>>> print(open('final-v5.tsv').read())   # TSV, C-alpha atoms
chain	number	residue	atom	x	y	z
A	59	MET	CA	21.44	-5.46	-8.14
A	60	GLU	CA	19.61	-7.37	-5.42
A	61	LYS	CA	20.50	-11.02	-4.77
A	62	TYR	CA	18.57	-13.71	-2.94
A	63	THR	CA	20.04	-17.04	-1.87
A	64	PHE	CA	18.43	-20.25	-0.64
A	65	THR	CA	19.33	-23.90	-0.11
A	66	VAL	CA	17.57	-26.63	-2.09
A	67	THR	CA	15.60	-29.07	0.07
A	68	ALA	CA	15.24	-32.82	-0.45
A	69	ALA	CA	11.65	-32.27	-1.62
A	70	GLU	CA	12.87	-29.90	-4.34
A	71	GLU	CA	15.62	-32.18	-5.70
A	72	GLY	CA	15.33	-32.96	-9.40
A	73	GLN	CA	13.48	-29.80	-10.38
A	74	GLN	CA	14.71	-27.49	-13.12
A	75	LEU	CA	16.41	-24.45	-11.64
A	76	LYS	CA	14.24	-21.93	-13.49
A	77	LYS	CA	11.00	-23.63	-12.45
A	78	LEU	CA	12.13	-23.83	-8.84
A	79	VAL	CA	13.07	-20.14	-8.71
A	80	LYS	CA	9.83	-19.08	-10.39
A	81	SER	CA	7.69	-21.06	-7.94
A	82	ARG	CA	9.71	-20.10	-4.86
A	83	TYR	CA	9.42	-16.36	-5.53
A	84	HIS	CA	6.19	-16.34	-7.58
A	85	LEU	CA	7.95	-14.55	-10.41
A	86	SER	CA	6.24	-13.47	-13.60
A	87	SER	CA	7.26	-14.94	-16.95
A	88	ARG	CA	8.40	-11.48	-18.00
A	89	LEU	CA	10.80	-11.18	-15.07
A	90	MET	CA	12.05	-14.74	-15.58
A	91	SER	CA	12.89	-13.83	-19.19
A	92	LYS	CA	15.00	-10.89	-17.97
A	93	ILE	CA	16.77	-13.16	-15.47
A	94	LYS	CA	17.44	-15.69	-18.24
A	95	TYR	CA	18.84	-13.25	-20.80
A	96	GLN	CA	21.00	-11.45	-18.24
A	97	ASP	CA	22.43	-14.72	-16.83
A	98	LEU	CA	21.27	-13.95	-13.30
A	99	LEU	CA	20.95	-17.52	-11.99
A	100	GLN	CA	23.76	-19.17	-10.04
A	101	LEU	CA	24.06	-22.70	-8.66
A	102	ASN	CA	26.72	-23.24	-6.00
A	103	GLY	CA	28.41	-20.00	-7.04
A	104	GLU	CA	28.49	-20.80	-10.78
A	105	THR	CA	26.38	-19.08	-13.44
A	106	VAL	CA	24.26	-21.78	-15.08
A	107	PRO	CA	21.34	-22.00	-17.53
A	108	GLY	CA	17.87	-22.34	-16.10
A	109	TRP	CA	17.26	-25.83	-17.45
A	110	VAL	CA	19.79	-27.54	-15.14
A	111	THR	CA	18.35	-29.68	-12.35
A	112	VAL	CA	19.09	-29.13	-8.69
A	113	ARG	CA	20.07	-31.48	-5.88
A	114	ASP	CA	19.41	-31.49	-2.16
A	115	GLY	CA	21.78	-29.06	-0.44
A	116	ASP	CA	22.59	-26.99	-3.54
A	117	THR	CA	22.89	-23.24	-3.01
A	118	VAL	CA	20.84	-21.15	-5.43
A	119	THR	CA	21.34	-17.44	-5.98
A	120	VAL	CA	18.98	-15.34	-8.08
A	121	SER	CA	19.60	-11.68	-8.88
A	122	PHE	CA	16.89	-9.22	-9.87
A	123	PRO	CA	17.68	-6.84	-12.74
A	124	ASP	CA	18.31	-3.20	-11.84
A	125	GLU	CA	15.47	-0.89	-12.84
A	126	GLU	CA	14.93	2.83	-12.35
A	127	SER	CA	12.12	5.36	-12.73
A	128	GLY	CA	12.59	8.51	-14.77
A	129	PHE	CA	10.83	11.05	-12.55
A	130	PRO	CA	12.72	14.28	-11.86
A	131	ALA	CA	14.05	14.40	-8.30
A	132	GLU	CA	12.47	16.98	-5.99
A	133	ASP	CA	13.14	17.92	-2.39
A	134	ILE	CA	9.87	16.57	-0.98
A	135	PRO	CA	10.21	15.13	2.55
A	136	ILE	CA	10.14	11.34	2.82
A	137	HIS	CA	9.32	10.13	6.35
A	138	VAL	CA	10.55	6.55	6.63
A	139	LEU	CA	8.67	4.13	8.89
A	140	TYR	CA	10.42	0.93	7.76
A	141	GLU	CA	13.02	0.10	5.14
A	142	ASP	CA	15.11	-2.86	4.01
A	143	GLU	CA	16.52	-3.99	0.67
A	144	ASP	CA	13.06	-5.03	-0.56
A	145	LEU	CA	10.48	-2.62	0.87
A	146	LEU	CA	10.10	1.01	1.88
A	147	LEU	CA	7.14	2.11	3.97
A	148	ILE	CA	6.73	5.83	4.56
A	149	ASP	CA	4.42	8.17	6.45
A	150	LYS	CA	2.88	10.23	3.65
A	151	GLN	CA	2.05	13.83	4.45
A	152	PRO	CA	-1.33	15.27	3.37
A	153	GLY	CA	-1.55	17.60	0.39
A	154	VAL	CA	0.88	15.68	-1.83
A	155	THR	CA	-0.13	13.42	-4.73
A	156	VAL	CA	1.44	9.95	-4.67
A	157	HIS	CA	2.23	9.46	-8.37
A	158	PRO	CA	2.51	11.90	-11.30
A	159	THR	CA	-0.76	12.35	-13.18
A	160	ARG	CA	-1.96	14.63	-15.94
A	161	GLY	CA	-3.23	17.08	-13.33
A	162	HIS	CA	-0.20	16.73	-11.05
A	163	PRO	CA	2.82	15.91	-13.26
A	164	VAL	CA	5.39	16.96	-10.62
A	165	HIS	CA	5.68	17.70	-6.88
A	166	THR	CA	4.62	14.14	-6.01
A	167	ILE	CA	5.82	11.51	-3.57
A	168	ALA	CA	7.43	9.73	-6.54
A	169	ASN	CA	9.54	12.84	-7.19
A	170	GLY	CA	10.49	12.95	-3.53
A	171	LEU	CA	11.53	9.30	-3.65
A	172	MET	CA	13.91	10.02	-6.54
A	173	LYS	CA	15.65	12.63	-4.35
A	174	TYR	CA	15.61	10.20	-1.42
A	175	MET	CA	17.37	7.59	-3.56
A	176	GLN	CA	20.05	10.10	-4.49
A	177	ASP	CA	20.56	11.00	-0.84
A	178	THR	CA	20.78	7.36	0.29
A	179	ASP	CA	22.76	6.04	-2.71
A	180	GLN	CA	20.00	3.73	-3.92
A	181	ALA	CA	18.47	2.97	-7.30
A	182	PHE	CA	15.15	1.20	-7.75
A	183	LYS	CA	12.00	1.63	-9.78
A	184	VAL	CA	9.24	3.30	-7.79
A	185	ARG	CA	6.42	0.76	-7.36
A	186	PHE	CA	3.56	1.80	-5.10
A	187	VAL	CA	1.75	-1.15	-3.55
A	188	ASN	CA	-1.11	0.93	-2.13
A	189	ARG	CA	-2.36	4.35	-3.11
A	190	LEU	CA	-3.52	7.16	-0.87
A	191	ASP	CA	-5.56	10.15	-2.00
A	192	MET	CA	-3.66	13.43	-2.18
A	193	ASP	CA	-5.22	14.66	1.08
A	194	THR	CA	-4.97	11.37	2.98
A	195	SER	CA	-1.97	10.89	5.26
A	196	GLY	CA	-0.30	7.78	6.63
A	197	VAL	CA	1.34	4.50	5.64
A	198	LEU	CA	2.33	4.26	1.99
A	199	VAL	CA	4.02	1.06	0.78
A	200	VAL	CA	6.73	1.01	-1.90
A	201	ALA	CA	8.16	-2.21	-3.35
A	202	LYS	CA	11.75	-2.01	-4.56
A	203	ASN	CA	11.41	-4.73	-7.20
A	204	SER	CA	8.67	-6.31	-9.28
A	205	HIS	CA	8.73	-9.56	-7.32
A	206	CYS	CA	7.85	-7.84	-4.04
A	207	GLN	CA	5.19	-5.72	-5.75
A	208	ALA	CA	3.56	-8.79	-7.31
A	209	ASP	CA	3.72	-10.72	-4.05
A	210	LEU	CA	2.07	-7.94	-2.04
A	211	ASN	CA	-0.59	-7.42	-4.72
A	212	ARG	CA	-1.33	-11.14	-4.47
A	213	GLN	CA	-1.54	-10.92	-0.68
A	214	MET	CA	-4.00	-8.04	-0.93
A	215	SER	CA	-6.22	-9.91	-3.40
A	216	GLN	CA	-6.19	-12.93	-1.04
A	217	GLY	CA	-7.00	-10.85	2.04
A	218	ARG	CA	-3.66	-11.53	3.73
A	219	THR	CA	-2.75	-7.88	4.30
A	220	GLU	CA	-4.37	-5.65	6.89
A	221	LYS	CA	-5.05	-1.94	6.42
A	222	ARG	CA	-6.45	0.23	9.20
A	223	TYR	CA	-7.36	3.91	9.12
A	224	THR	CA	-8.30	6.55	11.65
A	225	ALA	CA	-10.93	9.06	10.59
A	226	ILE	CA	-13.20	11.77	11.95
A	227	ALA	CA	-16.76	11.59	10.63
A	228	LEU	CA	-19.51	14.17	10.76
A	229	GLY	CA	-22.36	13.49	13.16
A	230	ARG	CA	-22.78	11.06	16.01
A	231	ILE	CA	-22.47	7.41	15.00
A	232	GLU	CA	-24.56	5.50	17.53
A	233	GLU	CA	-23.55	1.91	16.79
A	234	ASP	CA	-20.25	0.94	18.41
A	235	ARG	CA	-19.14	-1.54	15.78
A	236	PHE	CA	-20.53	-2.58	12.40
A	237	THR	CA	-19.65	-3.56	8.85
A	238	ILE	CA	-20.53	-1.68	5.67
A	239	ASP	CA	-20.85	-4.20	2.84
A	240	LEU	CA	-21.93	-2.19	-0.21
A	241	PRO	CA	-20.56	-2.34	-3.78
A	242	ILE	CA	-18.80	0.74	-5.12
A	243	GLY	CA	-18.61	1.88	-8.71
A	244	ARG	CA	-18.19	4.89	-10.96
A	245	PRO	CA	-21.54	6.40	-11.97
A	246	SER	CA	-19.91	8.50	-14.68
A	247	PRO	CA	-16.69	7.70	-16.56
A	248	ASP	CA	-16.03	11.43	-16.85
A	249	SER	CA	-15.93	12.04	-13.09
A	250	ILE	CA	-13.61	10.95	-10.28
A	251	VAL	CA	-16.59	10.61	-7.95
A	252	ARG	CA	-17.47	7.10	-6.80
A	253	ALA	CA	-20.73	5.92	-5.28
A	254	VAL	CA	-22.57	2.87	-4.00
A	255	VAL	CA	-23.56	1.12	-7.23
A	256	PRO	CA	-25.29	-2.30	-7.52
A	257	GLU	CA	-23.00	-5.02	-8.81
A	258	GLU	CA	-25.33	-5.65	-11.76
A	259	GLU	CA	-24.72	-2.01	-12.75
A	260	GLY	CA	-20.93	-2.22	-12.51
A	261	GLY	CA	-20.25	-1.91	-8.78
A	262	PHE	CA	-17.45	-3.91	-7.18
A	263	PRO	CA	-17.76	-5.70	-3.81
A	264	SER	CA	-16.53	-3.37	-1.07
A	265	VAL	CA	-16.37	-4.07	2.67
A	266	THR	CA	-15.37	-1.71	5.50
A	267	GLU	CA	-15.36	-2.58	9.20
A	268	VAL	CA	-16.12	0.41	11.44
A	269	THR	CA	-15.32	0.75	15.15
A	270	VAL	CA	-16.25	3.89	17.09
A	271	LEU	CA	-13.37	5.17	19.23
A	272	GLU	CA	-14.83	8.39	20.61
A	273	ARG	CA	-17.90	10.61	20.25
A	274	LEU	CA	-17.34	14.36	20.49
A	275	GLY	CA	-19.80	17.25	20.68
A	276	GLU	CA	-23.56	17.31	20.45
A	277	GLY	CA	-26.28	18.02	17.92
A	278	ASP	CA	-25.28	19.53	14.59
A	279	SER	CA	-21.66	19.97	15.74
A	280	ALA	CA	-21.18	16.31	16.74
A	281	LEU	CA	-18.23	14.33	15.40
A	282	THR	CA	-17.19	10.69	15.72
A	283	LEU	CA	-13.64	9.36	15.80
A	284	VAL	CA	-13.53	5.94	14.15
A	285	ASP	CA	-11.14	3.12	13.38
A	286	LEU	CA	-11.69	1.54	9.96
A	287	ARG	CA	-10.45	-1.75	8.61
A	288	LEU	CA	-10.55	-2.23	4.84
A	289	LEU	CA	-11.38	-5.75	3.68
A	290	THR	CA	-11.29	-4.55	0.06
A	291	GLY	CA	-9.40	-1.68	-1.54
A	292	ARG	CA	-11.67	0.35	-3.82
A	293	THR	CA	-10.92	3.94	-4.78
A	294	HIS	CA	-12.44	6.35	-2.21
A	295	GLN	CA	-13.91	3.34	-0.38
A	296	ILE	CA	-13.97	4.84	3.12
A	297	ARG	CA	-15.16	8.22	1.85
A	298	VAL	CA	-18.00	6.67	-0.14
A	299	HIS	CA	-19.13	4.22	2.52
A	300	LEU	CA	-19.26	6.74	5.36
A	301	SER	CA	-20.95	9.35	3.19
A	302	HIS	CA	-23.54	6.78	2.09
A	303	ILE	CA	-24.58	6.07	5.70
A	304	GLY	CA	-24.91	9.78	6.42
A	305	HIS	CA	-21.57	10.40	8.12
A	306	PRO	CA	-19.13	11.83	5.54
A	307	LEU	CA	-15.55	12.45	6.52
A	308	LEU	CA	-14.92	15.79	8.16
A	309	GLY	CA	-13.39	18.15	5.58
A	310	ASP	CA	-14.33	16.08	2.52
A	311	PRO	CA	-16.19	18.41	0.11
A	312	LEU	CA	-16.37	15.76	-2.62
A	313	TYR	CA	-18.65	13.57	-0.52
A	314	GLY	CA	-20.54	16.11	1.55
A	315	GLY	CA	-18.18	16.70	4.45
A	316	ALA	CA	-17.00	20.30	3.92
A	317	ASP	CA	-16.61	21.95	7.33
A	318	PRO	CA	-14.82	25.13	8.50
A	319	ARG	CA	-13.36	23.26	11.49
A	320	PHE	CA	-11.12	21.22	9.20
A	321	PRO	CA	-10.89	23.02	5.85
A	322	ALA	CA	-7.59	21.76	4.45
A	323	ARG	CA	-8.42	18.10	3.74
A	324	GLN	CA	-10.54	15.09	4.65
A	325	ALA	CA	-9.79	13.81	8.14
A	326	LEU	CA	-8.44	10.41	7.11
A	327	HIS	CA	-5.16	8.81	8.20
A	328	ALA	CA	-3.79	5.41	7.13
A	329	ARG	CA	-2.37	4.41	10.50
A	330	TYR	CA	-1.50	0.70	10.11
A	331	PHE	CA	-0.37	-1.79	7.47
A	332	ALA	CA	0.53	-5.46	7.95
A	333	CYS	CA	1.67	-8.10	5.46
A	334	ASP	CA	3.83	-11.18	5.11
A	335	HIS	CA	7.28	-10.00	4.06
A	336	PRO	CA	7.73	-11.22	0.46
A	337	ILE	CA	11.33	-12.37	1.07
A	338	LYS	CA	11.74	-12.91	4.82
A	339	LYS	CA	8.32	-14.64	5.13
A	340	THR	CA	7.80	-13.08	8.56
A	341	ARG	CA	4.85	-10.89	9.51
A	342	LEU	CA	5.60	-7.20	9.01
A	343	GLU	CA	3.51	-4.65	10.92
A	344	VAL	CA	4.03	-0.91	10.50
A	345	GLU	CA	2.14	1.91	12.21
A	346	ALA	CA	2.29	5.62	11.42
A	347	PRO	CA	2.14	8.17	14.25
A	348	PRO	CA	-1.16	10.07	14.58
A	349	ALA	CA	-1.72	12.86	12.05
A	350	GLU	CA	-0.76	16.15	13.71
A	351	ASP	CA	-3.60	18.21	12.26
A	352	MET	CA	-6.25	15.66	13.27
A	353	GLU	CA	-4.77	15.36	16.76
A	354	ALA	CA	-4.76	19.15	17.17
A	355	LEU	CA	-8.47	19.32	16.31
A	356	LEU	CA	-9.28	16.47	18.70
A	357	ARG	CA	-7.40	18.19	21.54
A	358	THR	CA	-9.37	21.38	20.94
A	359	LEU	CA	-12.69	19.55	20.92
A	360	ARG	CA	-11.87	17.61	24.12
A	361	GLU	CA	-11.04	20.82	25.96
A	362	LYS	CA	-14.50	22.28	25.31
>>> encode(input="final-v5.tsv", output="structure tokens")
Amino acid sequence: MEKYTFTVTAAEEGQQLKKLVKSRYHLSSRLMSKIKYQDLLQLNGETVPGWVTVRDGDTVTVSFPDEESGFPAEDIPIHVLYEDEDLLLIDKQPGVTVHPTRGHPVHTIANGLMKYMQDTDQAFKVRFVNRLDMDTSGVLVVAKNSHCQADLNRQMSQGRTEKRYTAIALGRIEEDRFTIDLPIGRPSPDSIVRAVVPEEEGGFPSVTEVTVLERLGEGDSALTLVDLRLLTGRTHQIRVHLSHIGHPLLGDPLYGGADPRFPARQALHARYFACDHPIKKTRLEVEAPPAEDMEALLRTLREK
């Protein structure tokens, strides 16, 4: 069970303990109920009810209830980029689904995390903060408790996180830097395919900043290496936006990018994630190493 301790300030004196804890950590009413019924609040080392008032200099300790996921453990590699008692950020490999679905009930990152917990003597409920497509590699964020998950979700909705991707797009993108601001929606509820859809027809605001890093090849064989910053987080956002402007991701058959030079997956790598740490309140920046398969292709193209 995770515990967090803080000292009451003069400005906080006189508040009810439960209200202070809820506001300090932005806890949901549901989680506060669990804390209440499991007697997980302490004031100066003593277990107390939430209605007591606090004084300047008091020491408050709040514990978060233990929770676990029920996925079967599988030996799927987990490549850790950063870990502490609150967060786990990993470098997801391509070709593996993040979370069990009807089409992929096992062999997922969630199953690998269950094995990782066994190996590292941990127990927490698997809570993914961001999602990556099965064939996208890179930084995947896992919160180890509901407070951290809720806090990071709030940061994302407020634009306080930063997500950057590296991708290889078909064709030669002439403009060095630009922004794609086009709403994305689901034309058919029976298909996973997304598209640019007007907001009045159900599209959601979607913004992607594009920076060209390198142009490779000529004519029909041209490719462009780009850095992408997501200002929103829609499903397939990068894939839809680049396809819409005529430069689908290399290797992405769903959006027009199928290519024998990169047949295994779309050339998309989540290279960077930054947020305010939900507990430490310091800026956390994590970067994944370049994707090996994308780097191998780039080396080959540069040698020509």
>>> closest_atom_pairs(input="final-v5.tsv", of="range 127-177 of chain A", to="range 197-202 of chain A", cutoff="7 Å", atoms="only C-alpha atoms", output="CSV")
residue,atom,partner,partner_atom,distance
A:Asp144,CA,A:Lys202,CA,5.2
A:Leu145,CA,A:Ala201,CA,4.8
A:Leu146,CA,A:Val200,CA,5.1
A:Leu147,CA,A:Val199,CA,4.6
A:Ile148,CA,A:Leu198,CA,5.3
A:Asp149,CA,A:Val197,CA,4.9
A:Lys150,CA,A:Leu198,CA,6.2
>>> closest_residue(input="final-v5.tsv", among="A:Ser279, A:Thr105, A:Gln213, A:Thr67", to="Ala332 in chain A", atoms="all atoms listed in the file")
A:Gln213
>>> residues_near_point(input="final-v5.tsv", point="(-23.7, 3.7, 20.2)", cutoff="12 Å", atoms="all atoms listed in the file", output="list in words")
Arg230, Ile231, Glu232, Glu233, Asp234, Arg235, Phe236, Thr269, Val270, Leu271, Glu272, Arg273 and Thr282 of chain A
>>> atom_distance(input="final-v5.tsv", atom1="CA of Asn203 in chain A", atom2="CA of Arg329 in chain A")
24.2 Å
>>> atom_distance(input="final-v5.tsv", atom1="CA of Tyr83 in chain A", atom2="CA of Glu104 in chain A")
20.3 Å
>>> residues_around(input="final-v5.tsv", residues="Leu300 in chain A", least_positions_apart="5", cutoff="10 Å", atoms="only C-alpha atoms", output="list in words")
Ala227, Leu228, Ile238, Thr266, Val268, Gln295, His305, Pro306, Leu307 and Tyr313 of chain A
>>> atom_distance(input="final-v5.tsv", atom1="CA of Ala325 in chain A", atom2="CA of Thr155 in chain A")
16.1 Å
>>> residues_near_point(input="final-v5.tsv", point="(23.7, -25.6, -1.9)", cutoff="9 Å", atoms="all atoms listed in the file", output="PyMOL selection string")
chain A and resi 64-66+101-103+112-118
>>> axis_aligned_box(input="final-v5.tsv", around="range 91-96 of chain A", padding_each_side="3 Å", output="AutoDock Vina command-line options")
--center_x 16.9 --center_y -13.3 --center_z -18.1 --size_x 14.1 --size_y 10.8 --size_z 11.3
>>> closest_residue(input="final-v5.tsv", among="A:Ser87, A:Asn169, A:Ser264, A:Thr219", to="Asn188 in chain A", atoms="only C-alpha atoms")
A:Thr219
>>> closest_residue(input="final-v5.tsv", among="A:Asp248, A:Asp142, A:Asp97, A:Asp191", to="Ile337 in chain A", atoms="all atoms listed in the file")
A:Asp142
>>> closest_residue(input="final-v5.tsv", among="A:Leu308, A:Leu289, A:Met192, A:Ala208", to="Ser86 in chain A", atoms="only C-alpha atoms")
A:Ala208
>>> closest_residue(input="final-v5.tsv", among="A:His165, A:Lys173, A:His294, A:Arg287", to="Leu190 in chain A", atoms="only C-alpha atoms")
A:His294
>>> closest_residue(input="final-v5.tsv", among="A:Val187, A:Leu139, A:Ala181, A:Val154", to="Asp209 in chain A", atoms="only C-alpha atoms")
A:Val187
>>> residues_around(input="final-v5.tsv", residues="Ser81 in chain A", least_positions_apart="4", cutoff="12 Å", atoms="only C-alpha atoms", output="list in words")
Glu70, Gln73, Gln74, Leu75, Lys76, Lys77, Leu85, Ser86, Ser87, Met90, His205 and Asp209 of chain A
>>> residues_around(input="final-v5.tsv", residues="Arg341 in chain A", least_positions_apart="4", cutoff="12 Å", atoms="all atoms listed in the file", output="number ranges by chain")
A: 218-220, 331-337
>>> residues_around(input="final-v5.tsv", residues="Ile134 in chain A", least_positions_apart="3", cutoff="10 Å", atoms="all atoms listed in the file", output="PyMOL selection string")
chain A and resi 131+137+151+154+165-174
>>> build_atoms(input="final-v5.tsv", residues="range 147-160 of chain A", atoms="N, CA, C and O atoms", output="PDB file, in the coordinates of the input")
ATOM      1  N   LEU A 147       8.432   1.639   3.517  1.00  0.00           N
ATOM      2  CA  LEU A 147       7.140   2.110   3.970  1.00  0.00           C
ATOM      3  C   LEU A 147       7.326   3.489   4.592  1.00  0.00           C
ATOM      4  O   LEU A 147       8.187   3.678   5.454  1.00  0.00           O
ATOM      5  N   ILE A 148       6.550   4.444   4.128  1.00  0.00           N
ATOM      6  CA  ILE A 148       6.730   5.830   4.560  1.00  0.00           C
ATOM      7  C   ILE A 148       5.428   6.368   5.153  1.00  0.00           C
ATOM      8  O   ILE A 148       4.345   5.816   4.938  1.00  0.00           O
ATOM      9  N   ASP A 149       5.561   7.460   5.897  1.00  0.00           N
ATOM     10  CA  ASP A 149       4.420   8.170   6.450  1.00  0.00           C
ATOM     11  C   ASP A 149       4.153   9.355   5.526  1.00  0.00           C
ATOM     12  O   ASP A 149       4.810  10.388   5.611  1.00  0.00           O
ATOM     13  N   LYS A 150       3.179   9.188   4.635  1.00  0.00           N
ATOM     14  CA  LYS A 150       2.880  10.230   3.650  1.00  0.00           C
ATOM     15  C   LYS A 150       2.197  11.426   4.309  1.00  0.00           C
ATOM     16  O   LYS A 150       1.280  11.276   5.109  1.00  0.00           O
ATOM     17  N   GLN A 151       2.650  12.612   3.955  1.00  0.00           N
ATOM     18  CA  GLN A 151       2.050  13.830   4.450  1.00  0.00           C
ATOM     19  C   GLN A 151       0.814  14.181   3.595  1.00  0.00           C
ATOM     20  O   GLN A 151       0.745  13.830   2.423  1.00  0.00           O
ATOM     21  N   PRO A 152      -0.180  14.863   4.175  1.00  0.00           N
ATOM     22  CA  PRO A 152      -1.330  15.270   3.370  1.00  0.00           C
ATOM     23  C   PRO A 152      -0.971  16.383   2.399  1.00  0.00           C
ATOM     24  O   PRO A 152       0.028  17.094   2.581  1.00  0.00           O
ATOM     25  N   GLY A 153      -1.754  16.513   1.341  1.00  0.00           N
ATOM     26  CA  GLY A 153      -1.550  17.600   0.390  1.00  0.00           C
ATOM     27  C   GLY A 153      -0.582  17.295  -0.726  1.00  0.00           C
ATOM     28  O   GLY A 153      -0.276  18.171  -1.539  1.00  0.00           O
ATOM     29  N   VAL A 154      -0.083  16.057  -0.800  1.00  0.00           N
ATOM     30  CA  VAL A 154       0.880  15.680  -1.830  1.00  0.00           C
ATOM     31  C   VAL A 154       0.340  14.455  -2.577  1.00  0.00           C
ATOM     32  O   VAL A 154      -0.032  13.461  -1.958  1.00  0.00           O
ATOM     33  N   THR A 155       0.314  14.536  -3.903  1.00  0.00           N
ATOM     34  CA  THR A 155      -0.130  13.420  -4.730  1.00  0.00           C
ATOM     35  C   THR A 155       0.927  12.323  -4.702  1.00  0.00           C
ATOM     36  O   THR A 155       2.128  12.595  -4.640  1.00  0.00           O
ATOM     37  N   VAL A 156       0.501  11.065  -4.747  1.00  0.00           N
ATOM     38  CA  VAL A 156       1.440   9.950  -4.670  1.00  0.00           C
ATOM     39  C   VAL A 156       2.249   9.812  -5.952  1.00  0.00           C
ATOM     40  O   VAL A 156       3.477   9.739  -5.930  1.00  0.00           O
ATOM     41  N   HIS A 157       1.576   9.780  -7.093  1.00  0.00           N
ATOM     42  CA  HIS A 157       2.230   9.460  -8.370  1.00  0.00           C
ATOM     43  C   HIS A 157       1.888  10.530  -9.390  1.00  0.00           C
ATOM     44  O   HIS A 157       0.774  11.068  -9.385  1.00  0.00           O
ATOM     45  N   PRO A 158       2.825  10.899 -10.270  1.00  0.00           N
ATOM     46  CA  PRO A 158       2.510  11.900 -11.300  1.00  0.00           C
ATOM     47  C   PRO A 158       1.287  11.530 -12.122  1.00  0.00           C
ATOM     48  O   PRO A 158       1.113  10.389 -12.535  1.00  0.00           O
ATOM     49  N   THR A 159       0.429  12.514 -12.349  1.00  0.00           N
ATOM     50  CA  THR A 159      -0.760  12.350 -13.180  1.00  0.00           C
ATOM     51  C   THR A 159      -0.823  13.532 -14.146  1.00  0.00           C
ATOM     52  O   THR A 159       0.005  14.456 -14.075  1.00  0.00           O
ATOM     53  N   ARG A 160      -1.818  13.513 -15.004  1.00  0.00           N
ATOM     54  CA  ARG A 160      -1.960  14.630 -15.940  1.00  0.00           C
ATOM     55  C   ARG A 160      -2.189  15.931 -15.184  1.00  0.00           C
ATOM     56  O   ARG A 160      -1.674  16.988 -15.554  1.00  0.00           O
TER      57      ARG A 160
END
